[in-house]
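J.: Below is data08.json; it holds JSON, C-alpha atoms.
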```
[["chain", "number", "residue", "atom", "x", "y", "z"],
["A", 5, "MET", "CA", 0.00, 0.00, 0.00],
["A", 6, "TYR", "CA", 2.88, 2.36, 0.66],
["A", 7, "LYS", "CA", 6.17, 3.11, -1.07],
["A", 8, "LEU", "CA", 9.24, 5.22, -0.40],
["A", 9, "LEU", "CA", 9.44, 8.60, -2.10],
["A", 10, "PRO", "CA", 12.20, 9.28, -4.64],
["A", 11, "PHE", "CA", 12.44, 12.84, -3.31],
["A", 12, "THR", "CA", 14.57, 12.26, -0.22],
["A", 13, "ALA", "CA", 14.83, 16.01, 0.32],
["A", 14, "LEU", "CA", 11.20, 16.09, 1.38],
["A", 15, "VAL", "CA", 11.95, 14.49, 4.73],
["A", 16, "LEU", "CA", 13.94, 17.58, 5.67],
["A", 17, "TYR", "CA", 10.79, 19.63, 6.09],
["A", 18, "THR", "CA", 9.49, 19.53, 9.63],
["A", 19, "THR", "CA", 7.70, 22.84, 10.11],
["A", 20, "PHE", "CA", 5.19, 24.26, 7.66],
["A", 21, "VAL", "CA", 3.20, 27.40, 7.02],
["A", 22, "CYS", "CA", -0.02, 26.63, 5.19],
["A", 23, "ALA", "CA", -0.23, 28.10, 1.69],
["A", 24, "GLN", "CA", -3.43, 29.69, 0.47],
["A", 25, "PRO", "CA", -4.59, 29.19, -3.15],
["A", 26, "GLY", "CA", -3.26, 32.03, -5.29],
["A", 27, "GLU", "CA", -0.36, 32.90, -2.98],
["A", 28, "ILE", "CA", 2.75, 33.57, -5.07],
["A", 29, "TYR", "CA", 6.23, 32.27, -4.24],
["A", 30, "LYS", "CA", 9.41, 33.46, -5.92],
["A", 31, "VAL", "CA", 12.15, 30.86, -6.13],
["A", 32, "GLN", "CA", 15.70, 31.85, -7.05],
["A", 33, "VAL", "CA", 18.19, 29.72, -8.97],
["A", 34, "GLY", "CA", 19.38, 26.83, -6.83],
["A", 35, "GLU", "CA", 16.73, 27.33, -4.16],
["A", 36, "MET", "CA", 14.27, 24.64, -3.20],
["A", 37, "LEU", "CA", 10.54, 25.08, -3.55],
["A", 38, "PRO", "CA", 9.25, 26.19, -0.13],
["A", 39, "ALA", "CA", 7.39, 23.57, 1.89],
["A", 40, "LYS", "CA", 4.39, 25.89, 2.30],
["A", 41, "ALA", "CA", 3.99, 25.91, -1.48],
["A", 42, "ILE", "CA", 4.37, 22.15, -1.77],
["A", 43, "TYR", "CA", 2.00, 20.94, 0.93],
["A", 44, "THR", "CA", -1.73, 21.43, 1.48],
["A", 45, "LEU", "CA", -1.66, 21.30, 5.28],
["A", 46, "PRO", "CA", 0.66, 23.23, 7.59],
["A", 47, "GLU", "CA", 2.01, 19.95, 9.00],
["A", 48, "PHE", "CA", 1.56, 16.21, 8.75],
["A", 49, "THR", "CA", -1.72, 15.52, 10.52],
["A", 50, "SER", "CA", -3.47, 12.45, 11.95],
["A", 51, "GLY", "CA", -5.69, 10.83, 9.37],
["A", 52, "THR", "CA", -7.42, 7.66, 8.23],
["A", 53, "VAL", "CA", -7.28, 5.95, 4.84],
["A", 54, "THR", "CA", -10.28, 3.78, 3.99],
["A", 55, "MET", "CA", -9.80, 1.41, 1.07],
["A", 56, "ARG", "CA", -12.57, 0.20, -1.24],
["A", 57, "ASN", "CA", -12.27, -3.28, 0.30],
["A", 58, "GLY", "CA", -13.05, -1.82, 3.73],
["A", 59, "SER", "CA", -9.55, -1.98, 5.20],
["A", 60, "VAL", "CA", -8.40, 1.02, 7.23],
["A", 61, "SER", "CA", -4.95, 2.52, 7.87],
["A", 62, "ARG", "CA", -4.06, 5.37, 10.21],
["A", 63, "GLY", "CA", -1.08, 7.70, 10.32],
["A", 64, "LEU", "CA", 0.22, 11.24, 9.86],
["A", 65, "PHE", "CA", -0.69, 12.50, 6.38],
["A", 66, "ASN", "CA", -0.26, 15.50, 4.10],
["A", 67, "PHE", "CA", -0.90, 16.10, 0.40],
["A", 68, "ASN", "CA", 2.07, 17.06, -1.78],
["A", 69, "CYS", "CA", 0.99, 19.35, -4.65],
["A", 70, "PHE", "CA", 4.35, 18.97, -6.40],
["A", 71, "THR", "CA", 4.34, 15.17, -6.66],
["A", 72, "GLY", "CA", 0.56, 14.85, -6.68],
["A", 73, "ALA", "CA", 0.83, 12.20, -3.97],
["A", 74, "MET", "CA", -0.68, 11.69, -0.56],
["A", 75, "GLN", "CA", 2.24, 11.26, 1.84],
["A", 76, "PHE", "CA", 2.63, 10.02, 5.38],
["A", 77, "ILE", "CA", 5.42, 9.63, 7.91],
["A", 78, "ASN", "CA", 6.14, 6.19, 9.35],
["A", 79, "THR", "CA", 7.46, 5.33, 12.80],
["A", 80, "LYS", "CA", 11.05, 5.62, 11.52],
["A", 81, "GLY", "CA", 10.47, 9.19, 10.34],
["A", 82, "ASP", "CA", 10.57, 8.29, 6.64],
["A", 83, "THR", "CA", 8.30, 10.17, 4.24],
["A", 84, "LEU", "CA", 6.25, 7.65, 2.26],
["A", 85, "GLU", "CA", 3.45, 7.84, -0.26],
["A", 86, "ILE", "CA", 0.41, 5.67, -0.82],
["A", 87, "ALA", "CA", 0.80, 3.20, -3.65],
["A", 88, "ASP", "CA", -2.19, 1.99, -5.71],
["A", 89, "PRO", "CA", -4.29, 5.08, -4.89],
["A", 90, "GLY", "CA", -7.01, 3.77, -7.20],
["A", 91, "LEU", "CA", -7.96, 1.37, -4.40],
["A", 92, "ILE", "CA", -8.72, 4.26, -2.03],
["A", 93, "LYS", "CA", -12.29, 5.11, -1.09],
["A", 94, "THR", "CA", -11.63, 8.11, 1.14],
["A", 95, "ILE", "CA", -8.87, 9.77, 3.12],
["A", 96, "GLN", "CA", -9.96, 11.70, 6.19],
["A", 97, "ILE", "CA", -7.35, 14.10, 7.63],
["A", 98, "ASP", "CA", -8.71, 16.10, 10.54],
["A", 99, "THR", "CA", -11.81, 17.79, 9.02],
["A", 100, "PHE", "CA", -10.59, 17.37, 5.42],
["A", 101, "THR", "CA", -11.78, 14.63, 3.08],
["A", 102, "PHE", "CA", -9.80, 13.49, 0.03],
["A", 103, "TYR", "CA", -10.78, 11.18, -2.83],
["A", 104, "TYR", "CA", -8.87, 9.66, -5.72],
["A", 105, "ASP", "CA", -10.17, 9.51, -9.30],
["A", 106, "LYS", "CA", -7.16, 9.58, -11.64],
["A", 107, "PHE", "CA", -5.70, 12.16, -9.23],
["A", 108, "TYR", "CA", -6.33, 13.35, -5.68],
["A", 109, "LEU", "CA", -9.23, 15.68, -4.96],
["A", 110, "GLN", "CA", -10.11, 17.51, -1.75],
["A", 111, "GLN", "CA", -13.78, 17.91, -0.90],
["A", 112, "VAL", "CA", -14.83, 21.50, -0.25],
["A", 113, "PHE", "CA", -18.62, 21.04, -0.23],
["A", 114, "ASN", "CA", -21.15, 18.24, -0.28],
["A", 115, "ALA", "CA", -24.92, 18.00, -0.61],
["A", 116, "GLY", "CA", -26.71, 14.69, -0.64],
["A", 117, "ALA", "CA", -24.58, 12.18, -2.54],
["A", 118, "TYR", "CA", -22.85, 14.91, -4.55],
["A", 119, "LYS", "CA", -19.57, 16.64, -3.81],
["A", 120, "ILE", "CA", -17.64, 19.69, -4.98],
["A", 121, "ALA", "CA", -13.91, 19.03, -4.81],
["A", 122, "VAL", "CA", -10.69, 20.72, -5.85],
["A", 123, "ARG", "CA", -7.61, 19.41, -7.56],
["A", 124, "GLN", "CA", -4.58, 21.25, -6.19],
["A", 125, "VAL", "CA", -1.66, 22.02, -8.49],
["A", 126, "LEU", "CA", 1.37, 24.29, -8.74],
["A", 127, "GLU", "CA", 1.54, 26.78, -11.59],
["A", 128, "GLU", "CA", 4.45, 28.78, -12.98],
["A", 129, "LEU", "CA", 3.63, 32.45, -13.52],
["A", 130, "PRO", "CA", 6.11, 34.34, -15.76],
["A", 131, "ASP", "CA", 4.66, 35.86, -18.94],
["A", 132, "LYS", "CA", 7.09, 33.84, -21.01],
["A", 133, "ILE", "CA", 7.39, 30.35, -19.61],
["A", 134, "THR", "CA", 10.55, 28.50, -20.57],
["A", 135, "GLY", "CA", 9.61, 25.35, -18.71],
["A", 136, "GLY", "CA", 9.12, 24.32, -15.12],
["A", 137, "LEU", "CA", 12.03, 22.98, -13.12],
["A", 138, "GLY", "CA", 14.08, 22.14, -16.18],
["A", 139, "SER", "CA", 11.23, 21.32, -18.58],
["A", 140, "GLY", "CA", 10.70, 22.38, -22.18],
["A", 141, "ASP", "CA", 9.33, 25.62, -23.60],
["A", 142, "ILE", "CA", 5.69, 26.50, -23.04],
["A", 143, "SER", "CA", 4.01, 29.50, -24.61],
["A", 144, "SER", "CA", 2.43, 32.19, -22.44],
["A", 145, "ALA", "CA", -0.92, 31.34, -24.02],
["A", 146, "ASP", "CA", -0.80, 28.02, -22.19],
["A", 147, "ALA", "CA", 0.14, 29.54, -18.83],
["A", 148, "SER", "CA", -3.34, 29.36, -17.33],
["A", 149, "GLU", "CA", -3.47, 25.60, -17.78],
["A", 150, "TYR", "CA", 0.20, 24.80, -17.21],
["A", 151, "SER", "CA", 1.17, 23.23, -13.93],
["A", 152, "PHE", "CA", 3.80, 21.01, -12.41],
["A", 153, "VAL", "CA", 1.21, 18.26, -12.29],
["A", 154, "THR", "CA", 2.17, 17.49, -15.89],
["A", 155, "PHE", "CA", 5.56, 16.15, -14.87],
["A", 156, "TYR", "CA", 5.31, 14.91, -11.30],
["A", 157, "GLY", "CA", 8.30, 12.88, -10.23],
["A", 158, "LYS", "CA", 10.50, 13.75, -13.20],
["A", 159, "HIS", "CA", 12.32, 16.88, -12.05],
["A", 160, "PRO", "CA", 14.29, 17.97, -8.97],
["A", 161, "LEU", "CA", 12.89, 20.28, -6.34],
["A", 162, "HIS", "CA", 15.61, 22.85, -7.03],
["A", 163, "ALA", "CA", 14.91, 25.62, -9.57],
["A", 164, "ASP", "CA", 17.40, 25.88, -12.44],
["A", 165, "ARG", "CA", 16.44, 29.56, -12.92],
["A", 166, "ASN", "CA", 14.38, 32.26, -11.23],
["A", 167, "ILE", "CA", 10.70, 31.36, -11.26],
["A", 168, "SER", "CA", 7.45, 32.37, -9.61],
["A", 169, "VAL", "CA", 4.91, 29.73, -8.66],
["A", 170, "ARG", "CA", 1.52, 29.67, -7.01],
["A", 171, "LYS", "CA", -0.83, 27.06, -5.66],
["A", 172, "ALA", "CA", -3.99, 26.86, -7.74],
["A", 173, "VAL", "CA", -7.15, 24.78, -7.71],
["A", 174, "ARG", "CA", -9.38, 23.19, -10.35],
["A", 175, "TYR", "CA", -13.00, 22.47, -9.41],
["A", 176, "TYR", "CA", -14.69, 19.11, -9.95],
["A", 177, "ILE", "CA", -18.10, 17.66, -9.17],
["A", 178, "GLY", "CA", -18.48, 14.09, -7.94],
["A", 179, "ASP", "CA", -21.42, 11.70, -7.71],
["A", 180, "GLY", "CA", -22.29, 9.10, -5.12],
["A", 181, "TYR", "CA", -19.97, 6.58, -6.77],
["A", 182, "TYR", "CA", -16.87, 8.75, -6.32],
["A", 183, "ASN", "CA", -16.67, 9.61, -10.01],
["A", 184, "PHE", "CA", -15.48, 13.17, -10.62],
["A", 185, "ILE", "CA", -15.63, 15.40, -13.69],
["A", 186, "LYS", "CA", -14.61, 19.00, -14.29],
["A", 187, "ALA", "CA", -17.23, 21.33, -12.82],
["A", 188, "ASP", "CA", -18.67, 23.19, -15.79],
["A", 189, "LYS", "CA", -22.16, 23.70, -17.18],
["A", 190, "LYS", "CA", -22.04, 20.48, -19.20],
["A", 191, "ALA", "CA", -21.12, 18.48, -16.09],
["A", 192, "PHE", "CA", -24.17, 19.77, -14.22],
["A", 193, "THR", "CA", -26.59, 19.31, -17.10],
["A", 194, "ASP", "CA", -25.28, 15.78, -17.68],
["A", 195, "LEU", "CA", -25.61, 14.82, -14.02],
["A", 196, "PHE", "CA", -29.03, 16.44, -13.64],
["A", 197, "PHE", "CA", -30.39, 15.94, -17.14],
["A", 198, "ARG", "CA", -34.05, 16.30, -16.18],
["A", 199, "LYS", "CA", -33.31, 19.85, -14.98],
["A", 200, "ARG", "CA", -31.11, 20.72, -17.96],
["A", 201, "LEU", "CA", -33.18, 23.71, -19.14],
["A", 202, "ALA", "CA", -33.65, 25.03, -15.60],
["A", 203, "ILE", "CA", -29.90, 24.74, -14.98],
["A", 204, "GLU", "CA", -29.08, 26.63, -18.16],
["A", 205, "ASP", "CA", -31.52, 29.36, -17.12],
["A", 206, "PHE", "CA", -30.07, 29.49, -13.58],
["A", 207, "VAL", "CA", -26.51, 29.77, -14.91],
["A", 208, "LYS", "CA", -27.49, 32.56, -17.29],
["A", 209, "LYS", "CA", -29.47, 34.58, -14.74],
["A", 210, "ASN", "CA", -26.91, 34.21, -11.96],
["A", 211, "LYS", "CA", -23.86, 34.51, -14.20],
["A", 212, "THR", "CA", -22.43, 31.42, -12.55],
["A", 213, "ASP", "CA", -18.64, 31.44, -12.32],
["A", 214, "PHE", "CA", -17.44, 27.84, -12.50],
["A", 215, "THR", "CA", -14.15, 28.82, -10.89],
["A", 216, "ASN", "CA", -15.92, 30.20, -7.82],
["A", 217, "LYS", "CA", -16.66, 27.88, -4.89],
["A", 218, "ASN", "CA", -19.72, 29.79, -3.68],
["A", 219, "ASP", "CA", -21.27, 29.85, -7.15],
["A", 220, "LEU", "CA", -20.76, 26.10, -7.51],
["A", 221, "GLU", "CA", -22.33, 25.46, -4.11],
["A", 222, "LYS", "CA", -25.42, 27.51, -5.05],
["A", 223, "LEU", "CA", -25.76, 25.72, -8.37],
["A", 224, "LEU", "CA", -25.49, 22.27, -6.77],
["A", 225, "GLN", "CA", -28.08, 23.19, -4.16],
["A", 226, "PHE", "CA", -30.39, 24.41, -6.92],
["A", 227, "CYS", "CA", -29.94, 21.13, -8.82],
["A", 228, "LEU", "CA", -30.98, 19.14, -5.74],
["A", 229, "GLN", "CA", -34.15, 21.13, -5.04]]
```
Spit out the file's structure as structure tokens when you get a sec.
T.:
Amino acid sequence: MYKLLPFTALVLYTTFVCAQPGEIYKVQVGEMLPAKAIYTLPEFTSGTVTMRNGSVSRGLFNFNCFTGAMQFINTKGDTLEIADPGLIKTIQIDTFTFYYDKFYLQQVFNAGAYKIAVRQVLEELPDKITGGLGSGDISSADASEYSFVTFYGKHPLHADRNISVRKAVRYYIGDGYYNFIKADKKAFTDLFFRKRLAIEDFVKKNKTDFTNKNDLEKLLQFCLQ
């Protein structure tokens, strides 16, 4: 279920400051990405992993936005990550709930059997992107969708040039079977087909922003009325 991380440098981090989505970090040549940019939680926190077969594991967990992996610390102080995440049903860390459907998602709202969740990634911000931590050229037109998630595990944590990064989120909607799709108008009309016309009208009248948590919550609540 667990495997050792290739990034041995990660075990050096012991104290964290929680990063907020959108917060920008400037990393100079040769510097390491700051822990507060890498991790979701300010420190490794007690949590429970429930597998689809009903088995349960407990430990100290934190989500790593750089590697895209859920990590934990064992009794020897080693930083490990969960292998075979597709077998996970839920991960509960303090008051936070995580799921896995091709990648990890953190629940930010739920109503009935449905959930709004976010995928957390790191983005590089310069106008002209010449790659991440040693990656190839990427045009500025692609900047909004570019993130380190595209090459997890393939590059060192040290910057080979001056870069600016930020933690960003992508919103998804999930059903009662833990299947998640990008939260856009099509996702809602597909999930609630019988209310398709009403949903389209609601989105138009309320100018629903599908990148805004509150707007997504209101739309989901409307769909369940």
J.: Quick check, in Å to one decimal: how far apart do CA of Arg56 (chain A) and CA of Asn68 (chain A) lie?
T.: 22.3 Å
J.: For a quick check of understanding, using only C-alpha atoms, which of A:Val31, A:Leu129, A:Met55, A:Ala41 has the smallest distance to Thr71 (chain A)?
T.: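 Using only C-alpha atoms, the shortest distance to Thr71 (chain A) belongs to A:Ala41.
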J.: Any idea what the distance is between CA of Leu126 (chain A) and CA of Thr44 (chain A)?
T.: 11.1 Å
J.: Can you tell me, as a count of residues only, what residues are no more than 12 Å from Lys208 (chain A) when counting only C-alpha atoms, ignoring any on the same chain fewer than 5 positions away?
T.: 6
J.: Hey, which bits of region 34-97 of chain A sit within 10 Å of region 166-176 of chain A, and for each residue what's the closest pair of atoms and how far apart in Å (one decimal), counting all atoms listed in the file, rows by chain and increasing number, as CSV?
T.:
```
residue,atom,partner,partner_atom,distance
A:Gly34,CA,A:Asn166,CA,8.6
A:Glu35,CA,A:Asn166,CA,8.9
A:Leu37,CA,A:Val169,CA,8.9
A:Lys40,CA,A:Lys171,CA,9.6
A:Ala41,CA,A:Lys171,CA,6.5
A:Ile42,CA,A:Lys171,CA,8.1
A:Tyr43,CA,A:Lys171,CA,9.4
A:Thr44,CA,A:Lys171,CA,9.1
A:Cys69,CA,A:Lys171,CA,8.0
A:Phe70,CA,A:Lys171,CA,9.6
```
J.: Counting all atoms listed in the file, what is within 8 Å of Leu109 (chain A), bar same-chain residues fewer than 5 positions away, as a list in words?
T.: Phe102, Tyr103, Tyr104, Ala121, Val122, Arg123 and Gln124 of chain A
J.: Atoms to include: C-alpha atoms. Write the selected residues as a CSV table (one decimal), keeping the file's coordinate frame.
T.:
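Saved as result37.csv:
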```csv
chain,number,residue,atom,x,y,z
A,102,PHE,CA,-9.8,13.5,0.0
A,103,TYR,CA,-10.8,11.2,-2.8
A,104,TYR,CA,-8.9,9.7,-5.7
A,121,ALA,CA,-13.9,19.0,-4.8
A,122,VAL,CA,-10.7,20.7,-5.8
A,123,ARG,CA,-7.6,19.4,-7.6
A,124,GLN,CA,-4.6,21.2,-6.2
```
J.: Interatomic distance between CA of Val53 (chain A) and CA of Ile97 (chain A)?
T.: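 Atom-to-atom, CA of Val53 (chain A) and CA of Ile97 (chain A) are spaced 8.6 Å apart.
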J.: Nearest to Val112 (chain A): which of A:Asn66, A:Ser59, A:Asn218, A:Gln225 is it, counting all atoms listed in the file?
T.: A:Asn218
J.: With only C-alpha atoms as the atoms that count, which of A:Tyr29, A:Phe197, A:Tyr108, A:Phe65 lies nearest to Glu127 (chain A)?
T.: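 Looking at the shortest contact to Glu127 (chain A), the residue is A:Tyr29.
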J.: Can you complete the atoms of region 21-48 of chain A to N, CA and C atoms and list them as a PDB file, in the frame of the given file?
T.:
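Okay, this is what ended up in selection-v3.pdb:
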```
ATOM      1  N   VAL A  21       4.168  26.310   6.962  1.00  0.00           N
ATOM      2  CA  VAL A  21       3.200  27.400   7.020  1.00  0.00           C
ATOM      3  C   VAL A  21       2.230  27.145   5.888  1.00  0.00           C
ATOM      4  N   CYS A  22       0.961  27.043   6.191  1.00  0.00           N
ATOM      5  CA  CYS A  22      -0.020  26.630   5.190  1.00  0.00           C
ATOM      6  C   CYS A  22      -0.144  27.667   4.084  1.00  0.00           C
ATOM      7  N   ALA A  23      -0.105  27.201   2.839  1.00  0.00           N
ATOM      8  CA  ALA A  23      -0.230  28.100   1.690  1.00  0.00           C
ATOM      9  C   ALA A  23      -1.686  28.229   1.285  1.00  0.00           C
ATOM     10  N   GLN A  24      -2.085  29.444   0.953  1.00  0.00           N
ATOM     11  CA  GLN A  24      -3.430  29.690   0.470  1.00  0.00           C
ATOM     12  C   GLN A  24      -3.429  29.687  -1.055  1.00  0.00           C
ATOM     13  N   PRO A  25      -4.516  29.173  -1.688  1.00  0.00           N
ATOM     14  CA  PRO A  25      -4.590  29.190  -3.150  1.00  0.00           C
ATOM     15  C   PRO A  25      -4.376  30.593  -3.685  1.00  0.00           C
ATOM     16  N   GLY A  26      -3.522  30.737  -4.682  1.00  0.00           N
ATOM     17  CA  GLY A  26      -3.260  32.030  -5.290  1.00  0.00           C
ATOM     18  C   GLY A  26      -2.046  32.731  -4.715  1.00  0.00           C
ATOM     19  N   GLU A  27      -1.546  32.274  -3.565  1.00  0.00           N
ATOM     20  CA  GLU A  27      -0.360  32.900  -2.980  1.00  0.00           C
ATOM     21  C   GLU A  27       0.844  32.631  -3.861  1.00  0.00           C
ATOM     22  N   ILE A  28       1.632  33.670  -4.122  1.00  0.00           N
ATOM     23  CA  ILE A  28       2.750  33.570  -5.070  1.00  0.00           C
ATOM     24  C   ILE A  28       4.068  33.410  -4.322  1.00  0.00           C
ATOM     25  N   TYR A  29       4.917  32.521  -4.829  1.00  0.00           N
ATOM     26  CA  TYR A  29       6.230  32.270  -4.240  1.00  0.00           C
ATOM     27  C   TYR A  29       7.292  32.466  -5.319  1.00  0.00           C
ATOM     28  N   LYS A  30       8.301  33.249  -4.997  1.00  0.00           N
ATOM     29  CA  LYS A  30       9.410  33.460  -5.920  1.00  0.00           C
ATOM     30  C   LYS A  30      10.577  32.596  -5.485  1.00  0.00           C
ATOM     31  N   VAL A  31      11.077  31.796  -6.416  1.00  0.00           N
ATOM     32  CA  VAL A  31      12.150  30.860  -6.130  1.00  0.00           C
ATOM     33  C   VAL A  31      13.363  31.238  -6.987  1.00  0.00           C
ATOM     34  N   GLN A  32      14.490  31.473  -6.341  1.00  0.00           N
ATOM     35  CA  GLN A  32      15.700  31.850  -7.050  1.00  0.00           C
ATOM     36  C   GLN A  32      16.468  30.614  -7.511  1.00  0.00           C
ATOM     37  N   VAL A  33      17.376  30.826  -8.447  1.00  0.00           N
ATOM     38  CA  VAL A  33      18.190  29.720  -8.970  1.00  0.00           C
ATOM     39  C   VAL A  33      18.861  28.970  -7.825  1.00  0.00           C
ATOM     40  N   GLY A  34      18.736  27.656  -7.833  1.00  0.00           N
ATOM     41  CA  GLY A  34      19.380  26.830  -6.830  1.00  0.00           C
ATOM     42  C   GLY A  34      18.598  26.650  -5.551  1.00  0.00           C
ATOM     43  N   GLU A  35      17.545  27.454  -5.360  1.00  0.00           N
ATOM     44  CA  GLU A  35      16.730  27.330  -4.160  1.00  0.00           C
ATOM     45  C   GLU A  35      15.723  26.194  -4.309  1.00  0.00           C
ATOM     46  N   MET A  36      15.288  25.663  -3.180  1.00  0.00           N
ATOM     47  CA  MET A  36      14.270  24.640  -3.200  1.00  0.00           C
ATOM     48  C   MET A  36      12.890  25.266  -3.112  1.00  0.00           C
ATOM     49  N   LEU A  37      11.910  24.616  -3.709  1.00  0.00           N
ATOM     50  CA  LEU A  37      10.540  25.080  -3.550  1.00  0.00           C
ATOM     51  C   LEU A  37      10.197  25.079  -2.067  1.00  0.00           C
ATOM     52  N   PRO A  38       9.583  26.141  -1.559  1.00  0.00           N
ATOM     53  CA  PRO A  38       9.250  26.190  -0.130  1.00  0.00           C
ATOM     54  C   PRO A  38       8.195  25.162   0.241  1.00  0.00           C
ATOM     55  N   ALA A  39       8.322  24.608   1.440  1.00  0.00           N
ATOM     56  CA  ALA A  39       7.390  23.570   1.890  1.00  0.00           C
ATOM     57  C   ALA A  39       5.953  24.074   1.896  1.00  0.00           C
ATOM     58  N   LYS A  40       5.755  25.358   2.239  1.00  0.00           N
ATOM     59  CA  LYS A  40       4.390  25.890   2.300  1.00  0.00           C
ATOM     60  C   LYS A  40       3.742  25.971   0.921  1.00  0.00           C
ATOM     61  N   ALA A  41       4.548  25.954  -0.131  1.00  0.00           N
ATOM     62  CA  ALA A  41       3.990  25.910  -1.480  1.00  0.00           C
ATOM     63  C   ALA A  41       3.704  24.473  -1.896  1.00  0.00           C
ATOM     64  N   ILE A  42       4.478  23.546  -1.374  1.00  0.00           N
ATOM     65  CA  ILE A  42       4.370  22.150  -1.770  1.00  0.00           C
ATOM     66  C   ILE A  42       3.186  21.449  -1.123  1.00  0.00           C
ATOM     67  N   TYR A  43       2.976  21.703   0.173  1.00  0.00           N
ATOM     68  CA  TYR A  43       2.000  20.940   0.930  1.00  0.00           C
ATOM     69  C   TYR A  43       0.671  21.659   1.124  1.00  0.00           C
ATOM     70  N   THR A  44      -0.402  20.881   1.246  1.00  0.00           N
ATOM     71  CA  THR A  44      -1.730  21.430   1.480  1.00  0.00           C
ATOM     72  C   THR A  44      -1.925  21.857   2.924  1.00  0.00           C
ATOM     73  N   LEU A  45      -1.475  21.033   3.855  1.00  0.00           N
ATOM     74  CA  LEU A  45      -1.660  21.300   5.280  1.00  0.00           C
ATOM     75  C   LEU A  45      -0.392  21.869   5.889  1.00  0.00           C
ATOM     76  N   PRO A  46      -0.513  22.626   6.980  1.00  0.00           N
ATOM     77  CA  PRO A  46       0.660  23.230   7.590  1.00  0.00           C
ATOM     78  C   PRO A  46       1.618  22.219   8.202  1.00  0.00           C
ATOM     79  N   GLU A  47       1.154  21.008   8.470  1.00  0.00           N
ATOM     80  CA  GLU A  47       2.010  19.950   9.000  1.00  0.00           C
ATOM     81  C   GLU A  47       1.349  18.602   8.754  1.00  0.00           C
ATOM     82  N   PHE A  48       2.131  17.539   8.877  1.00  0.00           N
ATOM     83  CA  PHE A  48       1.560  16.210   8.750  1.00  0.00           C
ATOM     84  C   PHE A  48       0.595  15.994   9.915  1.00  0.00           C
TER      85      PHE A  48
END
```
